[in-house]
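> What follows is the file structure13.cif, containing mmCIF, C-alpha atoms:
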```
data_run
#
loop_
_atom_site.label_atom_id
_atom_site.label_comp_id
_atom_site.auth_asym_id
_atom_site.auth_seq_id
_atom_site.Cartn_x
_atom_site.Cartn_y
_atom_site.Cartn_z
CA MET V 537 -178.99 50.34 95.35
CA ARG V 538 -178.50 53.06 92.77
CA VAL V 539 -178.41 56.54 94.28
CA THR V 540 -180.69 58.94 92.44
CA GLN V 541 -179.93 62.58 93.17
CA GLY V 542 -180.14 65.65 90.97
CA CYS V 543 -181.02 65.77 87.30
CA PHE V 544 -180.96 62.79 84.95
CA SER V 545 -180.50 60.36 87.83
CA PHE V 546 -183.15 57.96 86.56
CA LEU V 547 -181.43 57.79 83.18
CA PRO V 548 -178.45 55.53 82.49
CA ASP V 549 -175.14 57.19 83.47
CA LEU V 550 -174.25 60.03 81.14
CA THR V 551 -171.40 59.50 78.71
CA ASP V 552 -168.60 62.07 78.55
CA GLU V 553 -170.11 63.38 75.35
CA GLN V 554 -173.45 63.91 77.05
CA ILE V 555 -171.76 65.54 80.02
CA THR V 556 -169.94 67.87 77.64
CA SER V 557 -173.16 69.03 76.02
CA GLN V 558 -174.87 69.56 79.37
CA VAL V 559 -171.90 71.62 80.57
CA GLN V 560 -171.87 73.57 77.33
CA TYR V 561 -175.56 74.33 77.83
CA ALA V 562 -174.82 75.67 81.31
CA LEU V 563 -171.87 77.77 80.08
CA GLY V 564 -174.04 79.12 77.28
CA LYS V 565 -176.45 80.39 79.92
CA GLY V 566 -173.58 82.11 81.71
CA TRP V 567 -173.59 79.74 84.68
CA ALA V 568 -170.43 78.77 86.56
CA VAL V 569 -169.85 75.04 86.84
CA ASN V 570 -168.50 73.43 89.99
CA ILE V 571 -167.21 69.93 90.69
CA GLU V 572 -167.96 68.26 94.05
CA PHE V 573 -167.33 64.77 95.43
CA THR V 574 -168.33 62.72 98.44
CA ASP V 575 -168.40 59.20 99.81
CA ASP V 576 -171.41 59.77 102.03
CA PRO V 577 -174.44 59.17 99.84
CA HIS V 578 -177.10 60.11 102.40
CA PRO V 579 -179.73 62.28 100.68
CA ARG V 580 -179.50 64.91 103.45
CA ASN V 581 -175.76 65.26 102.91
CA THR V 582 -176.03 68.42 100.78
CA TYR V 583 -172.56 69.82 101.34
CA TRP V 584 -170.15 67.76 99.29
CA GLU V 585 -166.46 68.49 99.18
CA MET V 586 -165.41 70.93 96.48
CA TRP V 587 -162.86 70.08 93.83
CA GLY V 588 -161.27 73.50 93.57
CA LEU V 589 -163.32 76.64 93.10
CA PRO V 590 -166.33 76.96 90.82
CA MET V 591 -165.11 77.66 87.30
CA PHE V 592 -166.06 81.19 86.28
CA ASP V 593 -165.72 82.82 82.86
CA LEU V 594 -165.33 79.62 80.88
CA GLN V 595 -166.34 79.54 77.23
CA ASP V 596 -165.97 75.88 76.43
CA ALA V 597 -166.82 72.65 78.22
CA ALA V 598 -163.37 71.17 77.53
CA GLY V 599 -162.01 73.02 80.57
CA VAL V 600 -164.58 71.44 82.89
CA LEU V 601 -163.97 68.01 81.43
CA MET V 602 -160.23 68.46 82.02
CA GLU V 603 -160.87 69.11 85.72
CA LEU V 604 -163.43 66.31 85.94
CA ASN V 605 -160.94 63.81 84.59
CA GLU V 606 -158.35 65.03 87.09
CA CYS V 607 -160.90 64.56 89.87
CA ARG V 608 -161.83 61.10 88.61
CA LYS V 609 -158.19 60.09 88.70
CA ILE V 610 -158.05 60.71 92.44
CA TYR V 611 -161.64 60.21 93.60
CA GLY V 612 -162.87 57.82 90.93
CA ASP V 613 -164.29 55.50 93.63
CA ARG V 614 -166.65 58.15 94.99
CA TYR V 615 -169.69 60.11 93.90
CA ILE V 616 -168.80 63.15 91.79
CA ARG V 617 -171.38 65.71 90.73
CA LEU V 618 -171.39 68.85 88.63
CA SER V 619 -173.45 71.85 89.73
CA ALA V 620 -174.14 74.93 87.63
CA PHE V 621 -174.59 78.23 89.46
CA ASP V 622 -176.61 81.13 88.13
CA SER V 623 -175.62 84.52 89.52
CA SER V 624 -178.19 86.61 87.64
CA PRO V 625 -180.53 87.06 90.66
CA GLY V 626 -177.66 88.75 92.51
CA TRP V 627 -176.55 85.64 94.40
CA GLU V 628 -175.30 82.28 93.25
CA SER V 629 -178.06 79.71 93.03
CA VAL V 630 -177.91 76.17 91.74
CA ARG V 631 -179.72 75.73 88.46
CA LEU V 632 -178.53 72.31 87.44
CA SER V 633 -176.85 69.51 89.33
CA PHE V 634 -176.14 65.97 88.20
CA ILE V 635 -174.02 63.00 89.16
CA VAL V 636 -171.19 62.26 86.74
CA ASN V 637 -169.35 59.52 88.60
CA ARG V 638 -170.47 56.85 91.04
CA PRO V 639 -168.78 53.95 92.87
CA LYS V 640 -168.78 50.58 91.17
CA GLU V 641 -170.84 49.07 93.93
CA GLU V 642 -173.48 50.95 95.82
CA PRO V 643 -174.47 48.88 98.86
CA GLY V 644 -177.60 50.89 99.53
CA PHE V 645 -179.36 51.94 102.74
CA ARG V 646 -180.88 50.23 105.71
CA LEU V 647 -183.85 51.46 107.67
CA GLU V 648 -183.37 51.74 111.42
CA ARG V 649 -186.34 51.79 113.72
CA GLN V 650 -186.04 53.36 117.12
CA GLU V 651 -188.75 52.51 119.62
CA SER V 652 -189.35 55.70 121.52
CA ASP V 653 -191.93 56.85 124.07
CA GLY V 654 -195.13 54.91 124.04
CA ARG V 655 -195.80 53.13 120.81
CA ASN V 656 -193.96 55.77 118.70
CA THR V 657 -191.30 54.64 116.26
CA ARG V 658 -188.60 56.88 114.75
CA TYR V 659 -187.09 55.94 111.41
CA THR V 660 -183.55 56.58 110.20
CA THR V 661 -181.95 55.68 106.87
CA LYS V 662 -178.31 54.73 107.07
CA SER V 663 -175.99 53.89 104.21
CA TYR V 664 -174.12 50.61 104.56
CA ALA V 665 -171.15 52.39 103.03
CA VAL V 666 -170.71 54.78 105.97
CA ASP V 667 -170.06 51.92 108.37
CA ARG V 668 -166.48 52.09 107.17
CA PRO V 669 -164.29 55.11 107.87
CA GLU V 670 -164.22 58.02 105.44
CA GLY V 671 -162.03 57.45 102.40
CA ARG V 672 -162.32 53.65 102.60
CA ARG V 673 -166.03 53.33 102.03
CA TYR V 674 -166.02 52.17 98.44
CA GLY V 675 -162.98 49.95 98.34
CA GLY V 676 -160.65 52.95 98.25
CA SER V 677 -157.21 52.52 99.75
CA MET T 1392 -157.38 44.20 51.13
CA ASN T 1393 -157.64 46.64 48.25
CA GLU T 1394 -161.28 47.22 48.82
CA ALA T 1395 -160.61 48.24 52.36
CA ALA T 1396 -157.89 50.67 51.39
CA ILE T 1397 -159.91 52.57 48.82
CA PRO T 1398 -162.86 54.36 50.33
CA ASP T 1399 -165.82 53.18 48.24
CA SER T 1400 -169.07 54.99 47.76
CA THR T 1401 -170.79 53.37 50.71
CA THR T 1402 -168.24 54.32 53.36
CA ALA T 1403 -166.93 57.62 52.02
CA VAL T 1404 -169.28 60.51 52.58
CA GLU T 1405 -168.29 62.25 49.38
CA THR T 1406 -165.92 61.45 46.57
CA ALA T 1407 -165.83 64.80 44.83
CA VAL T 1408 -166.15 68.30 46.22
CA ASP T 1409 -166.46 71.71 44.70
CA LEU T 1410 -163.56 73.64 46.20
CA ARG T 1411 -164.99 77.04 45.37
CA ARG T 1412 -168.34 76.24 46.90
CA GLU T 1413 -166.64 74.96 50.02
CA PHE T 1414 -164.49 78.09 50.18
CA ASN T 1415 -167.55 80.33 49.95
CA GLU T 1416 -169.52 78.28 52.42
CA VAL T 1417 -166.86 78.51 55.08
CA GLY T 1418 -166.63 82.27 54.61
CA ILE T 1419 -162.90 82.62 55.18
CA GLY T 1420 -162.67 84.59 51.92
CA GLU T 1421 -164.24 87.50 53.78
CA VAL T 1422 -161.86 87.26 56.71
CA LEU T 1423 -158.83 87.07 54.43
CA ASP T 1424 -160.02 90.04 52.37
CA GLU T 1425 -160.60 92.00 55.53
CA LEU T 1426 -157.10 91.11 56.59
CA ASP T 1427 -155.75 92.48 53.30
CA ARG T 1428 -157.83 95.63 53.50
CA GLU T 1429 -157.35 96.56 57.13
CA LEU T 1430 -153.81 95.45 57.75
CA ILE T 1431 -151.25 97.36 55.76
CA GLY T 1432 -147.96 95.77 54.73
CA LEU T 1433 -147.04 92.55 56.59
CA LYS T 1434 -146.59 90.62 53.33
CA PRO T 1435 -144.89 87.54 54.83
CA VAL T 1436 -147.50 87.34 57.58
CA LYS T 1437 -150.39 87.47 55.15
CA THR T 1438 -148.82 84.87 52.91
CA ARG T 1439 -148.36 82.56 55.86
CA ILE T 1440 -151.93 83.02 57.04
CA ARG T 1441 -153.23 82.29 53.55
CA GLU T 1442 -151.15 79.13 53.49
CA ILE T 1443 -152.47 78.03 56.86
CA ALA T 1444 -156.04 78.82 55.81
CA ALA T 1445 -155.57 76.81 52.59
CA LEU T 1446 -154.18 73.85 54.52
CA LEU T 1447 -157.05 73.93 56.95
CA LEU T 1448 -159.58 74.08 54.14
CA ILE T 1449 -158.06 71.03 52.49
CA GLU T 1450 -157.86 69.28 55.87
CA ARG T 1451 -161.58 69.87 56.26
CA LEU T 1452 -162.31 68.39 52.86
CA ARG T 1453 -160.12 65.39 53.56
CA LYS T 1454 -162.04 64.74 56.74
CA ARG T 1455 -165.32 64.87 54.85
CA MET T 1456 -164.01 62.46 52.22
CA GLY T 1457 -163.07 60.02 54.91
CA LEU T 1458 -159.32 60.27 54.41
CA ALA T 1459 -157.65 59.73 57.74
CA THR T 1460 -156.08 62.87 59.15
CA GLY T 1461 -154.69 63.93 62.44
CA ASN T 1462 -155.59 67.48 63.31
CA PRO T 1463 -152.66 69.66 62.30
CA THR T 1464 -150.66 71.40 65.02
CA LEU T 1465 -151.77 74.99 65.05
CA HIS T 1466 -149.70 76.52 67.85
CA MET T 1467 -147.86 79.58 66.60
CA SER T 1468 -145.24 82.03 67.63
CA PHE T 1469 -145.28 85.66 66.50
CA THR T 1470 -142.04 87.54 66.67
CA GLY T 1471 -141.44 91.13 65.72
CA ASN T 1472 -140.70 94.61 66.99
CA PRO T 1473 -143.19 96.57 69.07
CA GLY T 1474 -146.24 97.85 67.24
CA THR T 1475 -146.04 95.52 64.25
CA GLY T 1476 -149.55 94.16 64.72
CA LYS T 1477 -148.99 90.86 66.52
CA THR T 1478 -152.07 91.14 68.75
CA THR T 1479 -154.27 92.34 65.90
CA VAL T 1480 -153.26 89.40 63.75
CA ALA T 1481 -153.87 86.97 66.63
CA LEU T 1482 -157.48 88.14 66.78
CA ARG T 1483 -157.87 87.55 63.05
CA ILE T 1484 -156.30 84.12 63.26
CA ALA T 1485 -158.84 83.17 65.91
CA ALA T 1486 -161.65 84.22 63.57
CA ILE T 1487 -160.19 82.19 60.70
CA LEU T 1488 -159.70 79.08 62.84
CA HIS T 1489 -163.24 79.43 64.15
CA LYS T 1490 -164.75 79.74 60.65
CA LEU T 1491 -162.88 76.63 59.55
CA GLY T 1492 -164.05 74.76 62.62
CA PHE T 1493 -160.62 74.13 64.15
CA VAL T 1494 -161.46 75.96 67.34
CA ARG T 1495 -164.96 75.70 68.69
CA ARG T 1496 -165.59 79.19 70.09
CA GLY T 1497 -163.11 81.54 68.44
CA HIS T 1498 -162.47 83.78 71.44
CA VAL T 1499 -159.01 85.05 72.34
CA VAL T 1500 -157.70 85.07 75.90
CA SER T 1501 -154.75 87.41 76.08
CA VAL T 1502 -152.39 86.95 79.02
CA THR T 1503 -148.91 87.88 80.19
CA ARG T 1504 -146.64 86.40 82.82
CA ASP T 1505 -148.70 87.93 85.65
CA GLU T 1506 -151.78 85.86 84.86
CA LEU T 1507 -149.89 82.57 84.57
CA VAL T 1508 -147.22 82.59 87.25
CA GLY T 1509 -148.05 82.60 90.94
CA GLN T 1510 -146.32 84.35 93.80
CA TYR T 1511 -145.72 81.50 96.19
CA ILE T 1512 -145.30 77.73 96.11
CA GLY T 1513 -148.43 75.96 94.91
CA HIS T 1514 -149.97 79.11 93.50
CA THR T 1515 -148.77 78.70 89.91
CA ALA T 1516 -150.44 75.47 88.85
CA PRO T 1517 -154.02 76.48 89.73
CA LYS T 1518 -153.44 79.91 88.20
CA THR T 1519 -152.12 78.55 84.92
CA LYS T 1520 -154.84 75.93 84.78
CA GLU T 1521 -157.52 78.52 85.33
CA VAL T 1522 -156.25 80.55 82.39
CA LEU T 1523 -156.04 77.41 80.26
CA LYS T 1524 -159.61 76.48 81.15
CA LYS T 1525 -160.83 79.93 80.19
CA ALA T 1526 -159.03 79.70 76.87
CA MET T 1527 -160.35 76.21 76.00
CA GLY T 1528 -162.19 76.20 72.70
CA GLY T 1529 -160.38 79.32 71.59
CA VAL T 1530 -156.96 80.90 71.31
CA LEU T 1531 -154.58 81.57 74.19
CA PHE T 1532 -152.39 84.54 73.33
CA ILE T 1533 -149.33 84.86 75.56
CA ASP T 1534 -147.76 88.25 75.10
CA GLU T 1535 -144.07 88.69 75.86
CA ALA T 1536 -143.79 84.97 76.45
CA TYR T 1537 -140.06 85.11 77.23
CA TYR T 1538 -140.81 86.57 80.65
CA LEU T 1539 -142.13 83.13 81.62
CA TYR T 1540 -138.58 81.87 81.78
CA ARG T 1541 -136.13 83.64 84.07
CA PRO T 1542 -132.75 81.98 83.72
CA ASP T 1543 -131.22 84.13 86.46
CA ASN T 1544 -133.50 82.64 89.15
CA GLU T 1545 -133.59 78.87 89.20
CA ARG T 1546 -136.39 78.80 91.75
CA ASP T 1547 -138.62 80.97 89.57
CA TYR T 1548 -142.16 79.62 89.28
CA GLY T 1549 -142.23 80.38 85.55
CA GLN T 1550 -140.80 76.96 84.79
CA GLU T 1551 -143.82 75.32 86.43
CA ALA T 1552 -146.19 77.33 84.23
CA ILE T 1553 -144.17 76.35 81.16
CA GLU T 1554 -144.45 72.66 82.02
CA ILE T 1555 -148.22 72.80 82.45
CA LEU T 1556 -148.55 74.76 79.22
CA LEU T 1557 -146.48 72.25 77.29
CA GLN T 1558 -148.50 69.35 78.64
CA VAL T 1559 -151.82 70.88 77.63
CA MET T 1560 -150.45 72.03 74.26
CA GLU T 1561 -149.51 68.45 73.53
CA ASN T 1562 -152.50 66.57 74.95
CA GLN T 1563 -155.37 68.90 74.12
CA ARG T 1564 -154.47 70.09 70.68
CA ASP T 1565 -158.11 69.90 69.60
CA ASP T 1566 -159.29 72.13 72.41
CA LEU T 1567 -156.82 74.96 72.38
CA VAL T 1568 -154.47 76.91 70.13
CA VAL T 1569 -151.60 78.70 71.84
CA ILE T 1570 -149.95 81.74 70.27
CA LEU T 1571 -146.75 83.07 71.81
CA ALA T 1572 -145.69 86.59 70.97
CA GLY T 1573 -142.67 88.71 71.70
CA TYR T 1574 -139.71 90.60 70.37
CA GLY T 1575 -137.53 88.62 67.98
CA ASP T 1576 -134.16 88.28 69.69
CA ARG T 1577 -135.57 87.57 73.14
CA MET T 1578 -137.96 84.96 71.79
CA ASP T 1579 -135.02 83.22 70.12
CA LYS T 1580 -133.27 83.05 73.47
CA PHE T 1581 -136.46 81.78 75.09
CA PHE T 1582 -136.83 78.98 72.56
CA ALA T 1583 -133.15 78.09 72.83
CA SER T 1584 -133.57 77.45 76.57
CA ASN T 1585 -136.93 75.69 76.16
CA PRO T 1586 -136.50 73.32 73.22
CA GLY T 1587 -139.82 71.67 74.09
CA PHE T 1588 -141.62 74.82 73.07
CA ARG T 1589 -139.85 75.22 69.77
CA SER T 1590 -140.73 71.72 68.59
CA ARG T 1591 -144.36 71.95 69.67
CA ILE T 1592 -144.95 75.10 67.68
CA ALA T 1593 -145.49 74.52 64.00
CA HIS T 1594 -145.70 78.06 62.75
CA HIS T 1595 -143.05 80.62 63.50
CA ILE T 1596 -144.13 83.89 61.92
CA ASP T 1597 -141.89 86.92 61.82
CA PHE T 1598 -143.47 90.37 61.66
CA PRO T 1599 -141.34 92.83 59.66
CA ASP T 1600 -141.06 96.54 60.47
CA TYR T 1601 -143.21 98.89 58.42
CA SER T 1602 -141.77 101.06 55.66
CA ASP T 1603 -142.38 104.84 55.61
CA ASP T 1604 -145.12 104.50 53.00
CA GLU T 1605 -146.86 101.79 54.97
CA LEU T 1606 -146.76 103.91 58.12
CA LEU T 1607 -148.38 106.78 56.22
CA SER T 1608 -151.14 104.49 54.93
CA ILE T 1609 -151.67 103.24 58.48
CA ALA T 1610 -151.95 106.82 59.72
CA GLU T 1611 -154.49 107.62 57.02
CA LEU T 1612 -156.50 104.50 57.81
CA MET T 1613 -156.56 105.41 61.50
CA LEU T 1614 -157.69 108.96 60.70
CA THR T 1615 -160.46 107.78 58.37
CA GLU T 1616 -161.74 105.50 61.11
CA GLN T 1617 -161.89 108.47 63.49
CA ASN T 1618 -163.39 110.82 60.88
CA TYR T 1619 -160.34 113.02 60.56
CA LYS T 1620 -158.22 113.89 57.55
CA PHE T 1621 -154.90 115.54 56.72
CA SER T 1622 -154.74 118.68 54.62
CA ALA T 1623 -152.26 118.40 51.74
CA ASP T 1624 -149.62 120.35 53.69
CA ALA T 1625 -150.18 118.35 56.82
CA GLU T 1626 -149.67 115.12 54.92
CA ALA T 1627 -146.34 116.34 53.55
CA ALA T 1628 -145.37 117.37 57.08
CA PHE T 1629 -146.38 113.98 58.44
CA VAL T 1630 -144.20 112.22 55.85
CA ARG T 1631 -141.27 114.23 57.23
CA TYR T 1632 -142.41 113.44 60.76
CA ILE T 1633 -142.32 109.70 60.09
CA ALA T 1634 -138.83 109.87 58.62
CA LEU T 1635 -137.56 111.83 61.64
CA ARG T 1636 -139.38 109.79 64.25
CA LYS T 1637 -137.94 106.56 62.90
CA THR T 1638 -134.41 107.71 63.61
CA GLN T 1639 -135.24 108.47 67.24
CA PRO T 1640 -135.11 105.95 70.07
CA LEU T 1641 -138.13 104.01 71.31
CA PHE T 1642 -139.83 103.97 67.95
CA SER T 1643 -142.58 101.37 68.00
CA ASN T 1644 -144.06 101.33 64.52
CA ALA T 1645 -147.84 101.62 64.34
CA ARG T 1646 -148.14 102.33 68.06
CA SER T 1647 -145.93 105.42 67.74
CA ILE T 1648 -148.04 106.56 64.82
CA ARG T 1649 -151.21 106.19 66.85
CA ASN T 1650 -149.73 108.18 69.71
CA ALA T 1651 -148.51 110.88 67.33
CA LEU T 1652 -151.99 111.17 65.84
CA ASP T 1653 -153.51 111.48 69.29
CA ARG T 1654 -151.17 114.37 70.08
CA ILE T 1655 -151.88 116.02 66.72
CA ARG T 1656 -155.61 115.85 67.45
CA LEU T 1657 -154.94 117.48 70.78
CA ARG T 1658 -153.08 120.36 69.14
CA GLN T 1659 -155.79 120.73 66.51
CA ALA T 1660 -158.45 121.00 69.20
CA ASN T 1661 -156.34 123.56 71.04
CA ARG T 1662 -155.88 125.60 67.85
CA LEU T 1663 -159.62 125.62 67.15
CA VAL T 1664 -160.55 126.58 70.69
CA SER T 1665 -158.03 129.43 70.81
CA ASP T 1666 -160.15 131.38 68.33
CA LEU T 1667 -163.61 131.32 69.86
CA ASP T 1668 -165.21 133.91 67.56
CA ARG T 1669 -164.73 131.86 64.46
CA VAL T 1670 -167.60 129.97 62.82
CA LEU T 1671 -166.47 126.41 62.20
CA THR T 1672 -167.61 124.10 59.41
CA ALA T 1673 -167.55 120.33 59.64
CA ASP T 1674 -164.59 120.41 57.31
CA ASP T 1675 -162.60 122.64 59.69
CA ILE T 1676 -163.19 120.24 62.54
CA MET T 1677 -162.18 117.23 60.46
CA THR T 1678 -159.03 118.65 58.97
CA LEU T 1679 -155.63 118.47 60.62
CA GLU T 1680 -153.37 121.29 59.42
CA ALA T 1681 -149.63 121.33 58.82
CA SER T 1682 -149.12 123.56 61.87
CA ASP T 1683 -150.65 120.86 64.10
CA VAL T 1684 -148.09 118.37 62.85
CA LEU T 1685 -145.11 120.71 62.81
CA ALA T 1686 -145.53 121.72 66.46
CA SER T 1687 -144.25 118.26 67.43
CA ARG T 1688 -141.08 117.95 69.53
CA VAL T 1689 -139.70 115.57 66.93
CA PHE T 1690 -139.11 118.47 64.56
CA GLU T 1691 -137.31 120.63 67.16
CA LYS T 1692 -134.91 117.87 67.88
CA GLY T 1693 -134.46 117.08 64.20
CA SER T 1694 -133.59 120.70 63.36
CA GLU T 1695 -131.14 120.92 66.24
CA GLU T 1696 -129.26 117.97 64.91
CA LYS T 1697 -129.06 119.50 61.45
#
```
Please lay out the structure from this file as C-alpha cells.

Amino acid sequence: MRVTQGCFSFLPDLTDEQITSQVQYALGKGWAVNIEFTDDPHPRNTYWEMWGLPMFDLQDAAGVLMELNECRKIYGDRYIRLSAFDSSPGWESVRLSFIVNRPKEEPGFRLERQESDGRNTRYTTKSYAVDRPEGRRYGGS
Amino acid sequence: MNEAAIPDSTTAVETAVDLRREFNEVGIGEVLDELDRELIGLKPVKTRIREIAALLLIERLRKRMGLATGNPTLHMSFTGNPGTGKTTVALRIAAILHKLGFVRRGHVVSVTRDELVGQYIGHTAPKTKEVLKKAMGGVLFIDEAYYLYRPDNERDYGQEAIEILLQVMENQRDDLVVILAGYGDRMDKFFASNPGFRSRIAHHIDFPDYSDDELLSIAELMLTEQNYKFSADAEAAFVRYIALRKTQPLFSNARSIRNALDRIRLRQANRLVSDLDRVLTADDIMTLEASDVLASRVFEKGSEEK
C-alpha cells in the first residue's frame, strides 16, 4: 500500500528535476530545507530522523540535491522526505513537506481490533513493516 | 551515416546566429565596459576575462546550434600581491558567468581557512560541505587558499577539506565555480604540493602590481566616489607620496592608497574644525589641500633618509 503523506503524495513520485524545482521554490521564499528519513511509516510517527541539520542560507537547490543523494546512498531503502521551514513568524514552522524516496515494496497496514469493556472495540493501525526490527524493515541489511 | 553527423534543419535549433545580437542580448558588453571603466590597470587580467567571456559566448551559441559540448572548466586561481584587486575581480567574474548562464545564481561566497577547516576530528567534512552547499549555483572564492595546506603538520585537517573540495570541483562542475586567491609565491608552493588542484584549474591569472600613474588614477576614482577632490598642489604632493610609500615596507597597492586617503580625510576634517569662525563653502569641504597630504609620516621618514 502506497504511503501518502505530505504534499504531492497522490501524484506519481517526483523526478529529481521536479524535486529540484520544488526546493528552488522553497529557497526562493527564504525557507530552510531539511532532509529526514524513517522506516516506520505510521502516520502518527511525526518525528523522523534528521539527516544532518536543516540547510540554512542556501541559494541553489544543487546543494540540497547533493545531500539527498548522499542520504539515498545510505538509506535508499527507507522513506526520505524534505521539509521546508519558514522562520518569518519568529519561529521555524513547516511550510512544505514531501516524500522524495520510498521503499521498493510497501507492505501496508493491518487493522487491529481490541475488544474492550462491554461491546466497545478499539482500533489500531499497524504497519506490517514494523514487525521486523528497525533497520531491517524494508529488506535492508 | 553522413546525415546523422551533420545537424540538419529538423534537429538543429538554429543554423545561423547573429553574433552581435547575441552579444547584446546577453548583456556582458555592459559588464566588460564597467570592468574597463572601474578597474584601473590590470591589463593581463582584463584580456583574460575578455577571452573567457568570448569563449563562453561561443560555447552558448554552439549549444544552441546543437553542436555537442562539454561545459568548459571554469575554476580559476588569482595570484598577485596584496591590494591588486583579486576580490573585486572575483565579484565581476561571478556577474559575467551569471549573465552567460554558466552559473545559475551569480552570488559569491567568500571564505578563508577558518570557514572550511574544523577544529577536531569529524568537524571538517560537515563544515566544508556546508560552505560548498551555500556556494552552489554561484562562485566560491577561497582567499589565501595556501593556508588550507600546512606541510609542517601532517595531521592537519586542511588536507581533508582539500579532498572534499577537489571531489566537488570535479563532479559538480555545472553547479559551482571555485576561485582560489593568494599571493604569488605561496600559491606556487601550494600548487606544487597539491598537483590535483593545479590540473583542475583551467585559468591561472596573475595580477600585476600597479604603476604610480595607475595608483593616482585609483586614488582619484576613490575620491570622486566619495565626493572629494584634490587641489592642484595636493595632487602633486600625492604623486610624491605614492613614490615614497612604494619604497616603504608593507606596501599593499590599492589598499594602502585607500588607507592613505582615509587618513588624509581625517586631517582635512581636523584642519577645517580647528578654525570654527570660518564660513565654509561646499568646495572647501570637498577639497583636500596639499597640507593635508604633506602631514603624513611617510614624508618625515622620506626626508630623514635624504
> Please list, as an NGL selection string, the residues that have an atom at most 10 Å away from (-156.2, 116.2, 64.9) in the coordinates of this file, counting only C-alpha atoms.
:T and (1614 or 1617-1621 or 1651-1662 or 1676-1680 or 1683-1684)
> Report, in Å with one decimal, the straight-line distance from atom CA of V:Glu670 to atom CA of V:Arg614.
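Pair atom CA of V:Glu670 / atom CA of V:Arg614 returns 10.7 Å.
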> Should the cut-off be 12 Å, what would the residue list for chain T against chain V look like, counting all atoms listed in the file, as a list of chain:residue names?
T:Val1494, T:Arg1495, T:Arg1496, T:Gly1497, T:His1498, T:Val1499, T:Val1500, T:Ala1516, T:Pro1517, T:Lys1518, T:Lys1520, T:Glu1521, T:Val1522, T:Leu1523, T:Lys1524, T:Lys1525, T:Ala1526, T:Met1527, T:Gly1528, T:Gly1529, T:Val1530, T:Val1559, T:Asn1562, T:Gln1563, T:Arg1564, T:Asp1565, T:Asp1566, T:Leu1567
> Which residue gives the smallest distance to V:Leu550 among V:Met537, V:Leu618, V:Val569, V:Ala562, with all atoms listed in the file counted?
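Looking only at the distances to V:Leu550, the closest residue turns out to be V:Leu618.
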> Please write the residues picked by the PyMOL selection byres ((chain T and resi 1515) around 10) on this file as a list in words.
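Here the PyMOL selection byres ((chain T and resi 1515) around 10) matches Glu1506, Leu1507, Val1508, Gly1509, Gln1510, Tyr1511, Ile1512, Gly1513, His1514, Ala1516, Pro1517, Lys1518, Thr1519, Lys1520, Glu1521, Tyr1548, Gly1549, Gln1550, Glu1551, Ala1552 and Ile1555 of chain T.
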> So which residues touch stretch 642-654 of chain V within 9 Å, counting only C-alpha atoms, skipping near sequence neighbours fewer than 2 positions away, as a PDB file with C-alpha atoms, keeping the file's coordinate frame?

```pdb
ATOM      1  CA  MET V 537    -178.990  50.340  95.350  1.00  0.00           C
ATOM      2  CA  ARG V 538    -178.500  53.060  92.770  1.00  0.00           C
ATOM      3  CA  VAL V 539    -178.410  56.540  94.280  1.00  0.00           C
ATOM      4  CA  PRO V 577    -174.440  59.170  99.840  1.00  0.00           C
ATOM      5  CA  HIS V 578    -177.100  60.110 102.400  1.00  0.00           C
ATOM      6  CA  ARG V 638    -170.470  56.850  91.040  1.00  0.00           C
ATOM      7  CA  PRO V 639    -168.780  53.950  92.870  1.00  0.00           C
ATOM      8  CA  LYS V 640    -168.780  50.580  91.170  1.00  0.00           C
ATOM      9  CA  ASN V 656    -193.960  55.770 118.700  1.00  0.00           C
ATOM     10  CA  THR V 657    -191.300  54.640 116.260  1.00  0.00           C
ATOM     11  CA  ARG V 658    -188.600  56.880 114.750  1.00  0.00           C
ATOM     12  CA  TYR V 659    -187.090  55.940 111.410  1.00  0.00           C
ATOM     13  CA  THR V 660    -183.550  56.580 110.200  1.00  0.00           C
ATOM     14  CA  THR V 661    -181.950  55.680 106.870  1.00  0.00           C
ATOM     15  CA  LYS V 662    -178.310  54.730 107.070  1.00  0.00           C
ATOM     16  CA  SER V 663    -175.990  53.890 104.210  1.00  0.00           C
ATOM     17  CA  TYR V 664    -174.120  50.610 104.560  1.00  0.00           C
ATOM     18  CA  ALA V 665    -171.150  52.390 103.030  1.00  0.00           C
ATOM     19  CA  TYR V 674    -166.020  52.170  98.440  1.00  0.00           C
TER      20      TYR V 674
END
```
> Name the residues captured by the PyMOL selection byres ((chain V and resi 542) around 6) when it is applied to the shown file; answer as a PyMOL selection string.
chain V and resi 541+543+633-634
> For atom CA of T:Thr1615 and atom CA of T:Leu1635, quote the distance in Å rounded to one decimal.
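One can read the atom CA of T:Thr1615 to atom CA of T:Leu1635 distance as 23.5 Å.
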> Which residue out of V:Arg608, V:Pro625, V:Asp575, V:Tyr583 has the minimum interatomic distance to V:Arg668 when only C-alpha atoms are used?
V:Asp575
> From the options V:Val636, V:Val630, V:Ile616, V:Ile610, which residue's atoms come nearest to V:Phe573, counting all atoms listed in the file?
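Between V:Val636, V:Val630, V:Ile616, V:Ile610, the residue approaching V:Phe573 most closely is V:Ile616.
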> Would you list the contacts of T:Phe1414 as a PyMOL selection string, taking every protein, DNA or RNA residue within 12 Å and counting only C-alpha atoms, but skipping same-chain residues closer than 2 positions in sequence?
chain T and resi 1408-1412+1416-1423+1444-1449+1451-1452+1490-1491
> In Å, how far is it from atom CA of T:Ile1440 to atom CA of T:Ile1487?
9.1 Å
> Excluding T:Pro1599 and any residue of its chain fewer than 4 positions from it, enumerate the residues within 9 Å of it, using only C-alpha atoms, and give them as a PyMOL selection string.
chain T and resi 1432-1436+1470-1472+1475
> Give me, as JSON, numbers by chain, all polymer residues having an atom no more than 7 Å from T:Leu1607, counting only C-alpha atoms and skipping those fewer than 4 positions away in the same chain.
{"T": [1603, 1611, 1630]}
> Given the file shown, enumerate the residues that the PyMOL selection byres ((chain V and resi 585) around 8) captures and present them as number ranges by chain.
V: 572-574, 583-584, 586-587
> Would you output that residue set with C-alpha atoms, as a PDB file, in the frame of the given file?

```pdb
ATOM      1  CA  GLU V 572    -167.960  68.260  94.050  1.00  0.00           C
ATOM      2  CA  PHE V 573    -167.330  64.770  95.430  1.00  0.00           C
ATOM      3  CA  THR V 574    -168.330  62.720  98.440  1.00  0.00           C
ATOM      4  CA  TYR V 583    -172.560  69.820 101.340  1.00  0.00           C
ATOM      5  CA  TRP V 584    -170.150  67.760  99.290  1.00  0.00           C
ATOM      6  CA  MET V 586    -165.410  70.930  96.480  1.00  0.00           C
ATOM      7  CA  TRP V 587    -162.860  70.080  93.830  1.00  0.00           C
TER       8      TRP V 587
END
```
